[in-house]
Structures are given as structure tokens and as C-alpha cells.
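Text of input_35.txt, listed as compact mmCIF, C-alpha atoms and all ligand atoms:
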```txt
# COMPACT_ATOMS: atom_id res chain seq x y z
CA MET B 1 113.77 83.01 35.25
CA PHE B 2 117.30 81.67 35.72
CA ASP B 3 119.29 78.81 34.26
CA VAL B 4 119.15 75.79 36.59
CA THR B 5 122.61 74.52 35.64
CA ARG B 6 124.17 77.90 36.37
CA TYR B 7 122.30 77.95 39.70
CA ALA B 8 123.62 74.49 40.61
CA ILE B 9 127.21 75.54 39.89
CA ALA B 10 126.79 78.73 41.94
CA ALA B 11 125.19 76.83 44.83
CA GLN B 12 127.99 74.25 44.89
CA SER B 13 130.62 77.01 44.98
CA ILE B 14 128.84 78.45 48.04
CA VAL B 15 128.65 75.07 49.80
CA ASP B 16 132.37 74.50 49.17
CA ALA B 17 133.26 78.03 50.32
CA GLY B 18 131.35 77.42 53.56
CA ARG B 19 133.40 74.31 54.38
CA PHE B 20 136.65 76.18 53.68
CA LEU B 21 135.72 79.29 55.69
CA TYR B 22 134.17 77.42 58.62
CA ASP B 23 137.18 75.09 58.87
CA ARG B 24 139.46 78.11 59.25
CA GLY B 25 137.30 79.57 62.03
CA TRP B 26 136.19 82.55 59.96
CA SER B 27 132.46 81.72 59.96
CA PRO B 28 131.58 80.44 63.46
CA ALA B 29 128.20 79.76 65.04
CA THR B 30 125.96 80.21 61.94
CA SER B 31 127.53 83.63 61.26
CA SER B 32 128.48 84.81 57.77
CA ASN B 33 126.71 84.73 54.43
CA TYR B 34 127.85 83.96 50.93
CA SER B 35 126.56 84.56 47.42
CA ALA B 36 127.47 83.83 43.81
CA ARG B 37 126.12 85.45 40.67
CA ILE B 38 123.96 83.32 38.37
CA ASP B 39 123.32 85.97 35.69
CA SER B 40 122.83 89.71 35.39
CA ASP B 41 119.57 89.60 37.41
CA HIS B 42 119.97 86.69 39.86
CA VAL B 43 122.31 85.55 42.61
CA ALA B 44 122.47 82.38 44.68
CA ILE B 45 122.74 83.22 48.39
CA THR B 46 122.72 81.40 51.72
CA VAL B 47 119.43 80.93 53.57
CA SER B 48 119.40 82.88 56.86
CA GLY B 49 120.61 81.17 60.01
CA ARG B 50 122.19 78.09 58.46
CA HIS B 51 125.41 76.53 59.75
CA LYS B 52 128.01 77.57 57.21
CA GLY B 53 130.26 74.56 57.75
CA GLN B 54 127.41 72.15 57.01
CA LEU B 55 125.74 73.76 53.99
CA ALA B 56 123.86 71.59 51.51
CA ALA B 57 121.95 72.51 48.35
CA GLY B 58 118.80 73.29 50.38
CA ASP B 59 120.66 75.97 52.32
CA VAL B 60 121.13 78.08 49.19
CA MET B 61 118.36 80.00 47.40
CA VAL B 62 117.96 82.56 44.62
CA VAL B 63 117.23 86.29 44.96
CA ASP B 64 117.02 89.06 42.39
CA LEU B 65 119.28 92.11 42.56
CA ASN B 66 116.75 93.87 44.79
CA GLY B 67 116.97 91.02 47.31
CA ASN B 68 113.56 89.51 46.53
CA PRO B 69 113.32 85.69 46.72
CA VAL B 70 112.91 83.95 43.36
CA GLN B 71 111.07 80.61 43.29
CA SER B 72 111.72 80.04 47.01
CA ASN B 73 109.75 80.25 50.27
CA CYS B 74 112.94 80.44 52.32
CA LYS B 75 114.22 83.58 54.04
CA SER B 76 117.47 84.74 52.50
CA SER B 77 120.34 86.03 54.62
CA ALA B 78 119.42 88.94 56.87
CA GLU B 79 122.25 90.77 55.09
CA THR B 80 121.04 90.03 51.53
CA LEU B 81 120.96 93.71 50.57
CA LEU B 82 124.66 94.09 51.48
CA HIS B 83 125.33 91.49 48.77
CA THR B 84 122.92 92.70 46.11
CA VAL B 85 124.14 96.30 46.18
CA LEU B 86 127.68 95.04 45.50
CA TYR B 87 126.45 93.15 42.41
CA GLN B 88 124.78 96.37 41.30
CA VAL B 89 127.84 98.55 41.90
CA PHE B 90 130.25 95.98 40.41
CA PRO B 91 128.76 94.36 37.28
CA ASP B 92 131.87 92.12 37.07
CA ALA B 93 131.46 90.75 40.60
CA GLY B 94 130.79 87.00 40.48
CA ALA B 95 130.85 86.25 44.21
CA VAL B 96 130.53 88.05 47.55
CA LEU B 97 131.70 86.61 50.88
CA HIS B 98 130.95 87.93 54.37
CA THR B 99 132.93 86.42 57.25
CA HIS B 100 133.12 86.85 61.04
CA SER B 101 136.71 86.06 61.99
CA VAL B 102 138.17 86.99 65.37
CA LYS B 103 140.85 89.13 63.71
CA ALA B 104 138.42 91.09 61.53
CA THR B 105 136.16 91.63 64.54
CA VAL B 106 138.91 92.75 66.93
CA LEU B 107 140.71 94.94 64.39
CA SER B 108 137.49 96.66 63.32
CA ARG B 109 136.94 97.70 66.95
CA LEU B 110 140.44 99.21 67.18
CA ILE B 111 140.04 101.54 64.19
CA PRO B 112 138.85 104.96 65.46
CA PRO B 113 135.40 106.08 64.22
CA GLY B 114 135.65 107.91 60.91
CA LYS B 115 139.01 106.28 60.05
CA SER B 116 139.74 103.54 57.52
CA LEU B 117 142.12 100.62 57.91
CA GLU B 118 145.17 101.68 55.87
CA LEU B 119 147.20 98.82 54.39
CA GLU B 120 150.51 99.80 52.83
CA GLY B 121 153.85 98.14 52.08
CA TYR B 122 152.67 94.52 52.18
CA GLU B 123 153.68 92.26 49.29
CA LEU B 124 150.45 90.31 49.89
CA GLN B 125 148.42 93.33 48.74
CA LYS B 126 149.10 91.87 45.29
CA ALA B 127 146.65 89.05 46.11
CA PHE B 128 143.86 91.53 45.38
CA ALA B 129 142.66 91.73 41.78
CA GLY B 130 144.20 94.68 39.97
CA VAL B 131 146.96 95.33 42.54
CA ASN B 132 150.44 94.94 41.03
CA SER B 133 152.72 96.40 43.68
CA HIS B 134 153.18 96.56 47.43
CA GLU B 135 153.72 100.31 47.06
CA GLY B 136 150.07 101.31 46.73
CA ARG B 137 147.75 101.86 49.66
CA LEU B 138 144.48 100.08 50.37
CA SER B 139 141.98 102.10 52.41
CA ILE B 140 139.47 99.70 53.90
CA PRO B 141 136.46 101.56 55.30
CA VAL B 142 134.94 100.57 58.64
CA PHE B 143 131.19 101.12 58.78
CA ASP B 144 129.37 101.26 62.10
CA ASN B 145 127.38 98.13 62.84
CA THR B 146 123.61 98.48 62.64
CA GLN B 147 120.52 96.32 62.37
CA ASP B 148 119.22 98.72 59.69
CA ILE B 149 120.55 96.74 56.74
CA PRO B 150 118.82 98.80 54.00
CA ALA B 151 120.52 101.94 55.37
CA LEU B 152 123.91 100.21 55.60
CA ALA B 153 123.47 98.80 52.09
CA GLU B 154 122.88 102.29 50.72
CA GLN B 155 125.85 103.66 52.69
CA THR B 156 128.20 100.98 51.33
CA ALA B 157 126.90 101.37 47.76
CA GLU B 158 127.50 105.10 47.87
CA TRP B 159 131.03 104.64 49.27
CA PHE B 160 132.05 102.02 46.69
CA ARG B 161 130.62 103.96 43.76
CA ALA B 162 133.12 106.64 44.79
CA HIS B 163 135.96 104.17 45.60
CA PRO B 164 135.58 101.22 43.19
CA GLU B 165 139.26 100.25 43.47
CA GLN B 166 138.96 99.14 47.12
CA PRO B 167 138.43 95.37 47.56
CA GLY B 168 136.36 95.15 50.73
CA TYR B 169 135.07 96.69 53.93
CA LEU B 170 134.70 96.02 57.62
CA ILE B 171 131.65 96.46 59.81
CA ARG B 172 132.72 97.43 63.34
CA GLY B 173 132.52 94.54 65.79
CA HIS B 174 130.92 92.43 63.09
CA GLY B 175 133.05 91.26 60.17
CA LEU B 176 134.38 91.54 56.63
CA TYR B 177 132.75 91.89 53.21
CA THR B 178 134.75 91.23 50.04
CA TRP B 179 133.98 90.17 46.46
CA GLY B 180 135.65 88.92 43.31
CA ALA B 181 135.09 88.06 39.68
CA THR B 182 134.91 84.38 40.65
CA MET B 183 134.43 82.48 43.90
CA ALA B 184 138.13 81.53 43.76
CA ASP B 185 139.11 85.20 43.52
CA CYS B 186 136.79 86.05 46.37
CA LEU B 187 138.19 83.29 48.62
CA ARG B 188 141.71 84.53 47.83
CA HIS B 189 140.62 88.00 48.93
CA VAL B 190 139.30 86.67 52.24
CA GLU B 191 142.59 84.84 52.84
CA ALA B 192 144.61 87.93 51.94
CA PHE B 193 142.55 90.09 54.29
CA GLU B 194 142.98 87.58 57.11
CA PHE B 195 146.77 87.57 56.63
CA LEU B 196 146.86 91.39 56.56
CA PHE B 197 144.57 91.69 59.62
CA GLU B 198 146.92 89.40 61.54
CA CYS B 199 149.93 91.49 60.46
CA GLU B 200 148.20 94.68 61.59
CA LEU B 201 147.20 93.23 64.96
CA GLU B 202 150.69 91.82 65.52
CA THR B 203 152.22 95.20 64.62
CA MET B 204 149.95 96.92 67.16
CA ARG B 205 150.96 94.35 69.77
CA VAL B 206 154.73 94.81 69.37
CA ARG B 207 154.54 98.56 68.60
CA PRO B 208 151.51 99.88 70.48
C1 LIG X 1 124.93 84.60 64.39
S1 LIG X 1 125.67 85.88 63.49
C2 LIG X 1 124.40 87.17 63.38
C3 LIG X 1 123.90 87.46 61.97
C4 LIG X 1 125.04 87.75 61.05
O1 LIG X 1 125.77 88.71 61.25
C5 LIG X 1 125.36 86.88 59.96
O2 LIG X 1 126.35 87.08 59.29
C6 LIG X 1 124.50 85.73 59.59
O3 LIG X 1 123.23 86.14 59.22
P1 LIG X 1 122.37 85.28 58.18
O4 LIG X 1 120.98 85.85 58.27
O5 LIG X 1 123.01 85.46 56.85
O6 LIG X 1 122.46 83.84 58.61
ZN ZN X 2 127.28 89.07 59.68
```
Just give me the structure of the file as C-alpha cells.
Ligand SMILES: CSCCC(=O)C(=O)COP(=O)(O)O
Ligand SMILES: [Zn+2]
Amino acid sequence: MFDVTRYAIAAQSIVDAGRFLYDRGWSPATSSNYSARIDSDHVAITVSGRHKGQLAAGDVMVVDLNGNPVQSNCKSSAETLLHTVLYQVFPDAGAVLHTHSVKATVLSRLIPPGKSLELEGYELQKAFAGVNSHEGRLSIPVFDNTQDIPALAEQTAEWFRAHPEQPGYLIRGHGLYTWGATMADCLRHVEAFEFLFECELETMRVRP
């Protein structure tokens, strides 16, 4: 059982995030999925296939940390397990956002298989929680896209258990996953990634 007031607050944060992310072109054509933690055992998450710029309360449902629906007959996001494993790996995570921007999609296809996206020397790296200097390096893994979500969920969980300091990951040709202690933190992470993706693509353009 979960607290209804906490659910309502989580659901509203998801609806608001959808407007913000859709308006910026980062969640087109029903793509993307969003979640927010309700308590240690439950998260609010988008119902599969819904338009993320037009979310209402009925487009958000509750799942447990194994991805099972709780008090709902709706089908949660096809990528629910990619969210729930992050809540398991990061007990302090309060929100997870998955977006499908053009820049994340293009850049993820330009990173050679087996390589990570290395971000170094950008002042904006400090937008990520726990980063205090531009001098560190962020290594953003790029996982191959697959329709086998349980397998990808396990792969990401294993990688982030070993690299808990990294703030997100890409799925090749697909999009970005990032998280934060609050929805505001998580939205800031999406914005920071988008800025850094644009910088990387522009650098490749002028210095191929
Ligand atoms: C139309 S995008 C294909 C599915 C996807 O990648 C996505 O992010 C949305 O899936 P969901 O089931 O969460 O609506
Ligand atoms: Zn997706």
C-alpha cells in the first residue's frame, strides 16, 4: 500500500516534466518515460504509449520495485524495468527520466561499440549532483539497443553498481536515461546532458 498524497505529488511532477521535455523536443511522438519515487517500495511511472506532452493524472500509474502494477489495470511503460533497477541500485534516487532527443540519438550512434562518451573539461559538468569541478571526467556508457528489456535492465544495474558516480547512460539509436534525488535534480541533469551532447556534436562537426 502507498500513501495517496505522496502518489499525487509524484504524478504531478511527472505530468509537469512531460510538458517541459516535450516542449523542448526531447520526448517526441509518444517516446520517453518518466518515474518518481513514492516510497521505498513504490514508484509512479508513465503508462505505456501516452503522449508525453499531454499527460494527465490518468496517464501515470504505480508499480513496485520489481515493475509489477499496483492497484492499476494499465500497462506501465515498456521500459519499466530500466527505471525500477535504478531505484534499486540508487536508494536515494527520487526520479528517473528517459528522453529521446535528436542529439542523444545521433551522438549515441557515433560512439564506437564498446566505448563510452567521455565528457571532460566542461564547466557545465558541475550541474550533475556531486560534481564540483570541470576537471573530472564523466564516462557515459552506451548500451546497445534491444527489445529485451529485462536483459538490458540487468546489464545497466550491473554497470551502475560498479560505477555509481556516473549520472546517466545512453542506449544506441534510442535515447538517454538519467536520475536524481528529486525531479528538479533529474530535469537539471537532462538539460545538462543536452547541452553537453550539443557541445560534443558541434566539436565533431568543426574538428572531425
Ligand atoms: C515511440 S518510442 C518507442 C518506445 C520507447 O522507446 C519509449 O520510450 C516509450 O515507451 P513507453 O512504453 O514508455 O511509452
Ligand atoms: Zn525509449
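Using all atoms listed in the file, the nearest neighbour of Leu152 in chain B within the list B:His100, B:His83, B:His51, B:His42 is B:His83.
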Excluding same-chain residues fewer than 4 positions from range 19-26 of chain B, what lies within 8 Å of it counting all atoms listed in the file, as a PyMOL selection string? chain B and resi 15+52-55+99-102
How would you report the residues lying within 10 Å of ligand ZN 2 (chain X), as number ranges by chain, if you count all atoms listed in the file? B: 27, 30-33, 77-79, 82, 98-100, 145, 171, 173-177
Restricting the calculation to all atoms listed in the file: of B:Lys75, B:Arg37, B:Lys126, B:Arg161, which residue gets closest to ligand LIG 1 (chain X)?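 The shortest atom-to-atom distance to ligand LIG 1 (chain X) comes from B:Lys75.
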For Asp59 in chain B, find every residue with an atom within 10 Å (counting all atoms listed in the file), except residues of its own chain fewer than 5 positions away, and show them as a PyMOL selection string. chain B and resi 11+14-15+45-52+54+74+76
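Our summary of the geometry notes that CA of Ala93 in chain B is positioned 16.0 Å from CA of Gly67 in chain B.
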State, in Å with one decimal place, the distance from CA of Leu117 in chain B to CA of Pro28 in chain B.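 Taking CA of Leu117 in chain B and CA of Pro28 in chain B, their separation equals 23.4 Å.
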Box along x, y and z, 6 Å on every side, all listed atoms of ligand LIG 1 (chain X) inside: centre and edge lengths in Å to one decimal, as lines of an AutoDock Vina configuration file.
```
center_x = 123.7
center_y = 86.3
center_z = 60.6
size_x = 17.4
size_y = 16.9
size_z = 19.5
```
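If you measure from each of B:Ala192, B:Ala8, B:Met1, B:Glu198 to Ala127 in chain B using all atoms listed in the file, the closest one turns out to be B:Ala192.
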Residue nearest Gly114 in chain B among B:Ala151, B:Val89, B:Ile140, B:Ala129 (counting all atoms listed in the file): B:Ile140
In terms of the shortest atom-to-atom distance over all atoms listed in the file, which of B:Arg188, B:Leu81, B:Glu202, B:Leu65 is closest to ligand LIG 1 (chain X)?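 Smallest distance to ligand LIG 1 (chain X) is found for B:Leu81.
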A straight line from CA of Phe160 in chain B to CA of Phe90 in chain B spans 8.9 Å
Pick from B:Met61, B:Arg172, B:Asn68, B:Gly136 nearest to Pro113 in chain B, counting all atoms listed in the file: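 Of B:Met61, B:Arg172, B:Asn68, B:Gly136, the one nearest Pro113 in chain B, counting all atoms listed in the file, is B:Arg172.
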Residues within 6 Å of Ser35 in chain B, all atoms listed in the file, excluding chain neighbours under 2 positions, as number ranges by chain: B: 44-45, 95-96
